[in-house]
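Asks: Below is the file structure27.cif, with mmCIF, C-alpha atoms and all ligand atoms.
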data_final
#
loop_
_atom_site.label_atom_id
_atom_site.label_comp_id
_atom_site.auth_asym_id
_atom_site.auth_seq_id
_atom_site.Cartn_x
_atom_site.Cartn_y
_atom_site.Cartn_z
CA MET A 1 7.92 4.08 23.80
CA PRO A 2 4.70 2.25 22.94
CA ASP A 3 4.92 -0.94 20.85
CA LYS A 4 5.73 0.37 17.37
CA VAL A 5 4.16 -2.54 15.52
CA GLN A 6 0.95 -2.21 17.50
CA LEU A 7 0.83 1.51 16.85
CA SER A 8 1.55 1.04 13.15
CA LYS A 9 -1.27 -1.50 12.88
CA MET A 10 -3.65 0.87 14.65
CA LEU A 11 -2.72 3.67 12.27
CA SER A 12 -3.13 1.38 9.23
CA LEU A 13 -6.58 0.35 10.40
CA TRP A 14 -7.75 3.92 11.06
CA LEU A 15 -6.07 5.73 8.18
CA ARG A 16 -6.87 3.14 5.52
CA HIS A 17 -9.93 1.22 6.52
CA LYS A 18 -11.92 2.32 9.54
CA PRO A 19 -11.40 5.97 10.51
CA GLU A 20 -14.85 5.95 12.14
CA ALA A 21 -13.66 3.30 14.61
CA ALA A 22 -11.45 6.02 16.12
CA GLY A 23 -13.86 8.90 15.54
CA LEU A 24 -11.62 10.22 12.75
CA THR A 25 -12.66 11.75 9.44
CA LEU A 26 -10.37 11.64 6.43
CA ASP A 27 -10.43 14.41 3.85
CA PRO A 28 -10.73 13.44 0.16
CA GLN A 29 -6.96 12.91 -0.06
CA GLY A 30 -6.89 10.78 3.06
CA TRP A 31 -5.50 13.38 5.51
CA THR A 32 -6.58 13.81 9.11
CA ASP A 33 -5.32 15.98 11.99
CA VAL A 34 -2.37 14.64 13.97
CA ASP A 35 -3.94 16.01 17.17
CA ASP A 36 -7.09 13.98 16.54
CA VAL A 37 -5.00 10.87 15.93
CA LEU A 38 -3.08 11.42 19.18
CA ARG A 39 -6.40 11.79 21.02
CA ALA A 40 -7.68 8.56 19.42
CA ILE A 41 -4.52 6.69 20.41
CA ALA A 42 -4.91 7.91 23.99
CA GLY A 43 -8.58 6.89 23.82
CA ALA A 44 -7.47 3.38 22.90
CA GLY A 45 -5.43 3.30 26.09
CA VAL A 46 -2.01 3.54 24.44
CA ALA A 47 0.47 6.05 25.83
CA CYS A 48 1.89 7.84 22.81
CA ASP A 49 3.09 11.41 22.49
CA TRP A 50 3.91 13.40 19.40
CA GLN A 51 7.55 12.26 19.41
CA ASN A 52 6.52 8.61 19.56
CA LEU A 53 4.13 9.10 16.66
CA LEU A 54 6.83 10.82 14.65
CA ARG A 55 9.14 7.88 15.21
CA VAL A 56 6.55 5.40 14.01
CA VAL A 57 6.00 7.46 10.88
CA GLU A 58 9.72 7.81 10.21
CA GLU A 59 10.70 4.26 11.03
CA SER A 60 7.79 2.41 9.41
CA ASP A 61 9.59 -0.19 7.30
CA LYS A 62 7.67 0.69 4.19
CA GLN A 63 7.09 4.36 4.89
CA ARG A 64 3.38 3.64 5.16
CA PHE A 65 2.45 7.01 6.61
CA GLU A 66 3.11 10.55 5.59
CA LEU A 67 3.01 13.86 7.49
CA SER A 68 1.99 17.11 5.81
CA GLY A 69 4.65 19.78 5.33
CA ASP A 70 3.59 21.55 8.53
CA ALA A 71 3.35 18.19 10.35
CA ALA A 72 -0.23 19.03 11.38
CA ARG A 73 -1.83 16.27 9.32
CA ILE A 74 -1.14 12.62 8.66
CA ARG A 75 -2.28 10.06 6.08
CA ALA A 76 -1.53 6.58 4.83
CA ARG A 77 0.38 6.72 1.56
CA GLN A 78 -1.63 3.91 -0.02
CA GLY A 79 -3.54 0.73 0.70
CA HIS A 80 -6.92 2.30 1.50
CA SER A 81 -10.24 0.54 1.34
CA VAL A 82 -12.17 3.72 2.21
CA ALA A 83 -12.82 6.14 -0.64
CA VAL A 84 -9.90 8.51 -1.05
CA GLU A 85 -8.42 10.18 -4.10
CA LEU A 86 -4.70 9.91 -3.72
CA ASP A 87 -2.92 12.37 -5.88
CA TRP A 88 0.04 10.24 -6.94
CA PRO A 89 1.51 11.21 -10.28
CA GLN A 90 0.82 9.11 -13.31
CA VAL A 91 4.21 7.82 -14.42
CA PRO A 92 5.16 5.56 -17.33
CA PRO A 93 6.27 2.30 -15.70
CA PRO A 94 9.44 0.36 -16.44
CA GLU A 95 9.24 -2.64 -18.76
CA PHE A 96 8.66 -5.05 -15.88
CA LEU A 97 7.19 -4.77 -12.40
CA TYR A 98 6.73 -7.57 -9.89
CA HIS A 99 3.95 -8.91 -7.70
CA GLY A 100 4.48 -11.27 -4.80
CA THR A 101 1.66 -13.65 -4.03
CA VAL A 102 1.17 -17.28 -3.02
CA GLU A 103 0.39 -20.49 -4.92
CA ARG A 104 -3.21 -20.74 -3.74
CA PHE A 105 -4.21 -17.50 -5.49
CA LEU A 106 -2.63 -18.43 -8.82
CA PRO A 107 -5.51 -20.31 -10.44
CA ALA A 108 -7.79 -17.28 -10.00
CA ILE A 109 -5.07 -14.79 -10.94
CA LEU A 110 -4.24 -16.64 -14.16
CA ILE A 111 -7.92 -16.58 -15.18
CA GLU A 112 -9.06 -13.14 -14.09
CA GLY A 113 -5.74 -11.33 -13.73
CA LEU A 114 -4.58 -9.32 -10.73
CA ARG A 115 -7.43 -7.44 -9.12
CA PRO A 116 -7.28 -4.82 -6.35
CA MET A 117 -9.31 -7.11 -4.06
CA ARG A 118 -10.25 -4.90 -1.10
CA ARG A 119 -7.83 -2.10 -1.94
CA HIS A 120 -8.25 0.55 -4.62
CA HIS A 121 -5.38 -0.63 -6.77
CA VAL A 122 -3.19 -3.58 -7.53
CA HIS A 123 0.15 -2.98 -5.81
CA LEU A 124 3.29 -3.75 -7.79
CA SER A 125 6.92 -3.67 -6.72
CA PRO A 126 9.87 -2.30 -8.67
CA ASP A 127 12.16 -5.20 -7.72
CA LEU A 128 12.10 -8.91 -6.93
CA GLU A 129 13.28 -8.43 -3.38
CA THR A 130 10.33 -6.24 -2.42
CA ALA A 131 7.86 -8.51 -4.22
CA THR A 132 9.29 -11.48 -2.33
CA ARG A 133 8.74 -9.70 0.98
CA VAL A 134 5.15 -8.90 0.03
CA GLY A 135 4.44 -12.51 -0.97
CA GLN A 136 6.07 -13.84 2.17
CA ARG A 137 3.34 -12.25 4.30
CA ARG A 138 1.09 -15.10 3.19
CA GLY A 139 3.42 -18.10 2.89
CA THR A 140 5.98 -19.32 0.38
CA PRO A 141 6.19 -16.44 -2.07
CA VAL A 142 5.43 -16.85 -5.76
CA ILE A 143 6.63 -13.95 -7.87
CA LEU A 144 4.75 -12.76 -10.93
CA THR A 145 6.40 -10.60 -13.56
CA VAL A 146 4.07 -7.97 -14.99
CA SER A 147 4.72 -6.55 -18.46
CA ALA A 148 4.02 -3.08 -17.20
CA SER A 149 5.17 -0.95 -20.11
CA SER A 150 3.10 -3.05 -22.56
CA LEU A 151 0.04 -2.70 -20.35
CA ALA A 152 0.63 1.06 -20.07
CA GLU A 153 0.79 1.22 -23.88
CA THR A 154 -2.82 -0.01 -23.98
CA GLY A 155 -3.74 3.25 -22.23
CA GLN A 156 -3.94 1.99 -18.67
CA PRO A 157 -2.52 4.47 -16.17
CA PHE A 158 0.15 3.59 -13.61
CA PHE A 159 0.77 5.70 -10.52
CA LEU A 160 3.93 5.88 -8.44
CA THR A 161 3.76 6.61 -4.71
CA SER A 162 6.48 8.47 -2.89
CA ASN A 163 7.61 5.19 -1.33
CA GLN A 164 8.09 3.47 -4.69
CA VAL A 165 4.92 1.38 -4.79
CA TRP A 166 3.39 1.18 -8.28
CA LEU A 167 -0.39 1.28 -8.40
CA THR A 168 -2.66 0.29 -11.25
CA GLU A 169 -6.28 -0.69 -11.63
CA ARG A 170 -5.85 -4.27 -12.78
CA VAL A 171 -3.47 -6.55 -14.65
CA PRO A 172 -5.04 -8.86 -17.25
CA PRO A 173 -3.59 -12.40 -17.41
CA ALA A 174 -1.94 -11.75 -20.78
CA PHE A 175 0.46 -9.35 -19.05
CA ILE A 176 1.43 -11.75 -16.26
CA GLN A 177 4.18 -14.32 -16.27
CA ARG A 178 5.23 -16.51 -13.40
CA GLN A 179 8.84 -15.80 -12.48
CA GLY A 180 11.14 -18.67 -13.39
CA GLN A 181 8.75 -20.14 -15.95
CA GLY A 182 9.26 -19.32 -19.59
C1 LIG B 201 -4.19 -11.56 -4.46
C2 LIG B 201 1.38 -4.52 2.06
C3 LIG B 201 -7.25 -14.13 -6.20
C4 LIG B 201 -2.90 -10.81 -4.45
C5 LIG B 201 2.37 -5.20 1.15
C6 LIG B 201 -2.66 -10.64 -2.95
C7 LIG B 201 2.19 -4.49 -0.14
C8 LIG B 201 -5.86 -12.33 -6.11
C9 LIG B 201 -4.06 -10.53 -2.39
C10 LIG B 201 0.76 -4.02 -0.10
C11 LIG B 201 -6.33 -11.85 -7.34
C12 LIG B 201 -4.44 -9.11 -2.06
C13 LIG B 201 -0.12 -4.79 -1.05
C14 LIG B 201 -7.32 -12.64 -8.01
C15 LIG B 201 -4.86 -10.48 -6.66
N1 LIG B 201 -7.76 -13.75 -7.40
N2 LIG B 201 -6.31 -13.45 -5.53
N3 LIG B 201 -7.84 -12.28 -9.18
N4 LIG B 201 -5.71 -10.71 -7.67
N5 LIG B 201 -4.94 -11.43 -5.71
O1 LIG B 201 -2.76 -7.22 0.76
O2 LIG B 201 -0.26 -6.97 -3.12
O3 LIG B 201 1.90 -3.68 4.96
O4 LIG B 201 -4.50 -6.36 -0.88
O5 LIG B 201 -1.87 -11.55 -5.08
O6 LIG B 201 3.66 -5.18 1.63
O7 LIG B 201 -0.42 -8.57 -1.13
O8 LIG B 201 -0.19 -2.90 3.89
O9 LIG B 201 -2.24 -6.88 -1.70
O10 LIG B 201 -2.01 -11.76 -2.42
O11 LIG B 201 3.04 -3.40 -0.29
O12 LIG B 201 1.79 -1.39 3.92
O13 LIG B 201 -4.94 -10.99 -3.40
O14 LIG B 201 0.31 -4.28 1.22
O15 LIG B 201 1.85 -3.32 2.54
O16 LIG B 201 -3.73 -8.74 -0.90
O17 LIG B 201 -0.03 -6.18 -0.78
P1 LIG B 201 -3.34 -7.25 -0.59
P2 LIG B 201 -0.68 -7.25 -1.73
P3 LIG B 201 1.27 -2.77 3.91
#
Can the structure in the file be given as structure tokens, please?

Replies:
Amino acid sequence: MPDKVQLSKMLSLWLRHKPEAAGLTLDPQGWTDVDDVLRAIAGAGVACDWQNLLRVVEESDKQRFELSGDAARIRARQGHSVAVELDWPQVPPPEFLYHGTVERFLPAILIEGLRPMRRHHVHLSPDLETATRVGQRRGTPVILTVSASSLAETGQPFFLTSNQVWLTERVPPAFIQRQGQG
């Protein structure tokens, strides 16, 4: 079995950011042929068969990737920087959602709000535990509580992916509160 983390990172890079680096083309919804991906992986010198790829897709801790019903195509569920139109349903969010970040981003976030940065959307988590994990990628996590239902009431759409990540265009500072601070 090839290194699963290495493979997952390769797939993230190609399916979200740089398909051209592997000679792949994504369709408007982000899908590409599994056979082409397997060829690209082989081209990168990694031994990986269809079963191995399936395992990475199934065991990815956050269910980052998705196979089509006939298992002929694959895509990243979210997190793209290339132009794709993901067809996640617009869903009314719960009262609160959470965002894990780190102290050094707070001054900017409290002035300009949460912005998608290099992704298409701001990613929000349904629970504190997930938000903590997201923040931890960058250091000591700081959790922000987002008044999601109030923001949705202003007419801003929220989308829910099949792996329970909430996506929205931006979160103005008025809808953000630092967890643990009244
Ligand atoms: C911060 C991973 C300055 C924001 C995770 C974050 C998640 C600002 C960083 C998913 C800002 C962007 C998403 C502003 C936001 N000024 N900094 N105005 N607005 N930021 O990686 O939410 O492994 O694009 O707080 O687990 O950290 O990719 O977003 O720290 O689920 O599947 O700018 O990515 O999943 O970073 O993570 P990211 P994120 P994957």

Asks: Quick one, how far is atom CA of Pro126 of chain A from atom CA of Gly30 of chain A?

Replies: 24.3 Å

Asks: Find the residues near ligand LIG 201 (chain B). Use a cut-off of 6 Å, count all atoms listed in the file, and write them as a PyMOL selection string.

Replies: chain A and resi 64+79+101+105+108-109+112-115+117-119+123+134

Asks: Up to 7 Å from (-4.1, 6.9, 6.1) in the file's coordinates: name the residues, counting only C-alpha atoms, as a VMD selection string.

Replies: chain A and resid 12 14 to 16 30 to 31 65 74 to 77

Asks: Which residue gives the smallest distance to Leu124 of chain A among A:Leu97, A:Val5, A:Leu86, A:Val56, with all atoms listed in the file counted?

Replies: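 Smallest distance to Leu124 of chain A is found for A:Leu97.
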
Asks: As an exercise, work out the distance from atom CA of Glu129 of chain A to atom CA of Asp61 of chain A in Å and give it to one decimal place.

Replies: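 Interatomic distance, atom CA of Glu129 of chain A to atom CA of Asp61 of chain A: 14.0 Å.
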
Asks: Would you give the centre and edge lengths, in Å to one decimal, of a box along x, y and z around the listed atoms of segment 1-19 of chain A, with 4 Å added to each side, as AutoDock Vina command-line options?

Replies:
--center_x -2.0 --center_y 1.7 --center_z 14.7 --size_x 27.8 --size_y 16.5 --size_z 26.3

Asks: Excluding His121 of chain A and its own-chain neighbours fewer than 3 positions away, which residues fall within 7 Å of it when counting all atoms listed in the file? Please give them as a PyMOL selection string.

Replies: chain A and resi 116+167-169

Asks: Output the selection as a PDB file, in the coordinates of the input - C-alpha atoms for each residue.

Replies:
ATOM      1  CA  PRO A 116      -7.280  -4.820  -6.350  1.00  0.00           C
ATOM      2  CA  LEU A 167      -0.390   1.280  -8.400  1.00  0.00           C
ATOM      3  CA  THR A 168      -2.660   0.290 -11.250  1.00  0.00           C
ATOM      4  CA  GLU A 169      -6.280  -0.690 -11.630  1.00  0.00           C
TER       5      GLU A 169
END

Asks: Which of these residues is nearest to Arg137 of chain A, using only C-alpha atoms: A:Ala72, A:Leu11, A:Ala21, A:Val102?

Replies: A:Val102

Asks: Which polymer residues have any atom within 7 Å of an atom of segment 148-162 of chain A, counting only C-alpha atoms, with same-chain residues fewer than 6 positions away left out, as a list in words?

Replies: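 Using only C-alpha atoms, the neighbours found are Trp88, Pro89, Gln90, Val91, Pro92, Pro93, Pro94, Glu95, Phe96, Leu97, Thr168 and Phe175 of chain A.
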
Asks: So how far away is atom CA of Gly100 of chain A from atom CA of Val142 of chain A, in Å?

Replies: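 Going from atom CA of Val142 of chain A over to atom CA of Gly100 of chain A covers 5.7 Å.
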
Asks: Which residues are close to Ile111 of chain A, i.e. within 10 Å by only C-alpha atoms, leaving aside same-chain residues fewer than 3 positions away? Reply as a PyMOL selection string.

Replies: chain A and resi 106-108+114+172-174

Asks: For Glu85 of chain A, which of A:Arg170, A:His120, A:Arg138, A:Arg104 is the closest residue, counting only C-alpha atoms?

Replies: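 Comparing A:Arg170, A:His120, A:Arg138, A:Arg104 against Glu85 of chain A, the winner is A:His120.
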